[in-house]
file query_2.cif (mmCIF, C-alpha atoms)
data_my_file
#
loop_
_atom_site.group_PDB
_atom_site.id
_atom_site.type_symbol
_atom_site.label_atom_id
_atom_site.label_comp_id
_atom_site.auth_asym_id
_atom_site.auth_seq_id
_atom_site.Cartn_x
_atom_site.Cartn_y
_atom_site.Cartn_z
ATOM 1 C CA MET A 164 0.408 136.276 -0.994
ATOM 2 C CA ASN A 165 -1.828 137.309 -3.880
ATOM 3 C CA PRO A 166 -3.260 140.814 -3.679
ATOM 4 C CA VAL A 167 -6.639 141.878 -2.423
ATOM 5 C CA LEU A 168 -8.655 143.092 -5.405
ATOM 6 C CA VAL A 169 -10.772 146.192 -4.820
ATOM 7 C CA VAL A 170 -13.425 146.817 -7.487
ATOM 8 C CA GLU A 171 -14.969 150.241 -6.957
ATOM 9 C CA ASP A 172 -15.997 152.858 -9.518
ATOM 10 C CA GLU A 173 -15.873 155.782 -7.077
ATOM 11 C CA LYS A 174 -12.246 156.866 -6.843
ATOM 12 C CA ASP A 175 -12.479 158.339 -3.323
ATOM 13 C CA ILE A 176 -13.915 155.139 -1.875
ATOM 14 C CA ALA A 177 -11.396 152.979 -3.736
ATOM 15 C CA GLU A 178 -8.502 155.076 -2.412
ATOM 16 C CA LEU A 179 -9.828 154.910 1.155
ATOM 17 C CA VAL A 180 -10.194 151.120 1.072
ATOM 18 C CA GLU A 181 -6.780 150.758 -0.582
ATOM 19 C CA TYR A 182 -5.133 152.974 2.036
ATOM 20 C CA HIS A 183 -6.521 151.014 4.981
ATOM 21 C CA LEU A 184 -5.687 147.639 3.476
ATOM 22 C CA LYS A 185 -2.115 148.726 2.744
ATOM 23 C CA GLN A 186 -1.752 150.129 6.269
ATOM 24 C CA SER A 187 -2.722 146.660 7.512
ATOM 25 C CA GLY A 188 0.002 145.081 5.389
ATOM 26 C CA PHE A 189 -2.052 143.675 2.518
ATOM 27 C CA PRO A 190 -0.947 143.915 -1.106
ATOM 28 C CA VAL A 191 -3.750 145.653 -3.013
ATOM 29 C CA THR A 192 -4.845 146.001 -6.619
ATOM 30 C CA VAL A 193 -7.596 148.501 -7.462
ATOM 31 C CA VAL A 194 -9.737 148.490 -10.613
ATOM 32 C CA PHE A 195 -12.644 150.740 -11.457
ATOM 33 C CA ASP A 196 -14.904 148.600 -13.659
ATOM 34 C CA GLY A 197 -16.203 145.064 -14.032
ATOM 35 C CA ALA A 198 -14.318 144.181 -17.205
ATOM 36 C CA SER A 199 -10.979 145.095 -15.616
ATOM 37 C CA ALA A 200 -11.930 143.094 -12.527
ATOM 38 C CA LEU A 201 -12.587 139.970 -14.572
ATOM 39 C CA GLU A 202 -9.220 140.341 -16.326
ATOM 40 C CA ARG A 203 -7.404 140.741 -13.008
ATOM 41 C CA VAL A 204 -9.136 137.726 -11.467
ATOM 42 C CA LYS A 205 -8.018 135.552 -14.365
ATOM 43 C CA LYS A 206 -4.411 136.808 -14.124
ATOM 44 C CA SER A 207 -3.698 137.149 -10.435
ATOM 45 C CA ARG A 208 -6.229 134.957 -8.588
ATOM 46 C CA PRO A 209 -6.680 137.411 -5.681
ATOM 47 C CA THR A 210 -6.909 136.211 -2.104
ATOM 48 C CA LEU A 211 -9.955 138.426 -1.497
ATOM 49 C CA ILE A 212 -12.231 140.550 -3.696
ATOM 50 C CA ILE A 213 -13.954 143.620 -2.286
ATOM 51 C CA LEU A 214 -16.625 144.258 -4.887
ATOM 52 C CA ASP A 215 -19.002 147.145 -5.464
ATOM 53 C CA LEU A 216 -22.245 145.490 -6.574
ATOM 54 C CA MET A 217 -23.452 148.529 -8.517
ATOM 55 C CA LEU A 218 -20.853 149.155 -11.209
ATOM 56 C CA PRO A 219 -21.676 151.279 -14.259
ATOM 57 C CA ASP A 220 -20.658 148.783 -16.957
ATOM 58 C CA MET A 221 -21.860 145.522 -15.434
ATOM 59 C CA ASP A 222 -23.665 144.366 -12.354
ATOM 60 C CA GLY A 223 -21.321 143.186 -9.617
ATOM 61 C CA LYS A 224 -23.439 140.086 -9.084
ATOM 62 C CA ILE A 225 -22.524 138.894 -12.574
ATOM 63 C CA SER A 226 -18.824 139.261 -11.739
ATOM 64 C CA VAL A 227 -19.195 137.110 -8.634
ATOM 65 C CA ALA A 228 -20.786 134.312 -10.669
ATOM 66 C CA CYS A 229 -17.790 134.247 -13.053
#
call {"tool": "encode", "arguments": {"input": "query_2.cif", "output": "structure tokens"}}
result
Amino acid sequence: MNPVLVVEDEKDIAELVEYHLKQSGFPVTVVFDGASALERVKKSRPTLIILDLMLPDMDGKISVAC
């Protein structure tokens, strides 16, 4: 199973989401910005992306379109 990709710039929120997903048995990858998210999507083809739509470096809506 490919990991769930969590894209969240606030570390506390990212850690909380990661914790709960891992407790439910999901493999998880966390990134903190849009550019890193795009790189991960190209490499690992995640099963699910949990995406913050208001990232500091790029709008999350742009990431979804890619």
call {"tool": "resolve_selection", "arguments": {"input": "query_2.cif", "expression": "the PyMOL selection byres ((chain A and resi 171) around 10)", "output": "PyMOL selection string"}}
result
chain A and resi 168-170+172-178+180+193-197+200+213-219+223
call {"tool": "write_last_selection", "arguments": {"input": "query_2.cif", "atoms": "C-alpha atoms", "output": "PDB file, keeping the file's coordinate frame"}}
result
ATOM      1  CA  LEU A 168      -8.655 143.092  -5.405  1.00  0.00           C
ATOM      2  CA  VAL A 169     -10.772 146.192  -4.820  1.00  0.00           C
ATOM      3  CA  VAL A 170     -13.425 146.817  -7.487  1.00  0.00           C
ATOM      4  CA  ASP A 172     -15.997 152.858  -9.518  1.00  0.00           C
ATOM      5  CA  GLU A 173     -15.873 155.782  -7.077  1.00  0.00           C
ATOM      6  CA  LYS A 174     -12.246 156.866  -6.843  1.00  0.00           C
ATOM      7  CA  ASP A 175     -12.479 158.339  -3.323  1.00  0.00           C
ATOM      8  CA  ILE A 176     -13.915 155.139  -1.875  1.00  0.00           C
ATOM      9  CA  ALA A 177     -11.396 152.979  -3.736  1.00  0.00           C
ATOM     10  CA  GLU A 178      -8.502 155.076  -2.412  1.00  0.00           C
ATOM     11  CA  VAL A 180     -10.194 151.120   1.072  1.00  0.00           C
ATOM     12  CA  VAL A 193      -7.596 148.501  -7.462  1.00  0.00           C
ATOM     13  CA  VAL A 194      -9.737 148.490 -10.613  1.00  0.00           C
ATOM     14  CA  PHE A 195     -12.644 150.740 -11.457  1.00  0.00           C
ATOM     15  CA  ASP A 196     -14.904 148.600 -13.659  1.00  0.00           C
ATOM     16  CA  GLY A 197     -16.203 145.064 -14.032  1.00  0.00           C
ATOM     17  CA  ALA A 200     -11.930 143.094 -12.527  1.00  0.00           C
ATOM     18  CA  ILE A 213     -13.954 143.620  -2.286  1.00  0.00           C
ATOM     19  CA  LEU A 214     -16.625 144.258  -4.887  1.00  0.00           C
ATOM     20  CA  ASP A 215     -19.002 147.145  -5.464  1.00  0.00           C
ATOM     21  CA  LEU A 216     -22.245 145.490  -6.574  1.00  0.00           C
ATOM     22  CA  MET A 217     -23.452 148.529  -8.517  1.00  0.00           C
ATOM     23  CA  LEU A 218     -20.853 149.155 -11.209  1.00  0.00           C
ATOM     24  CA  PRO A 219     -21.676 151.279 -14.259  1.00  0.00           C
ATOM     25  CA  GLY A 223     -21.321 143.186  -9.617  1.00  0.00           C
TER      26      GLY A 223
END
call {"tool": "axis_aligned_box", "arguments": {"input": "query_2.cif", "around": "stretch 174-193 of chain A", "padding_each_side": "6 Å", "output": "JSON"}}
result
{"center_x": -7.0, "center_y": 151.0, "center_z": 0.0, "size_x": 25.9, "size_y": 26.7, "size_z": 27.0}
call {"tool": "resolve_selection", "arguments": {"input": "query_2.cif", "expression": "the PyMOL selection byres ((chain A and resi 190) around 7)", "output": "JSON, numbers by chain"}}
result
{"A": [166, 167, 185, 188, 189, 191]}
call {"tool": "atom_distance", "arguments": {"input": "query_2.cif", "atom1": "atom CA of A:Ile212", "atom2": "atom CA of A:Gln186"}}
result
17.3 Å
call {"tool": "atom_distance", "arguments": {"input": "query_2.cif", "atom1": "atom CA of A:Asn165", "atom2": "atom CA of A:Lys205"}}
result
12.3 Å
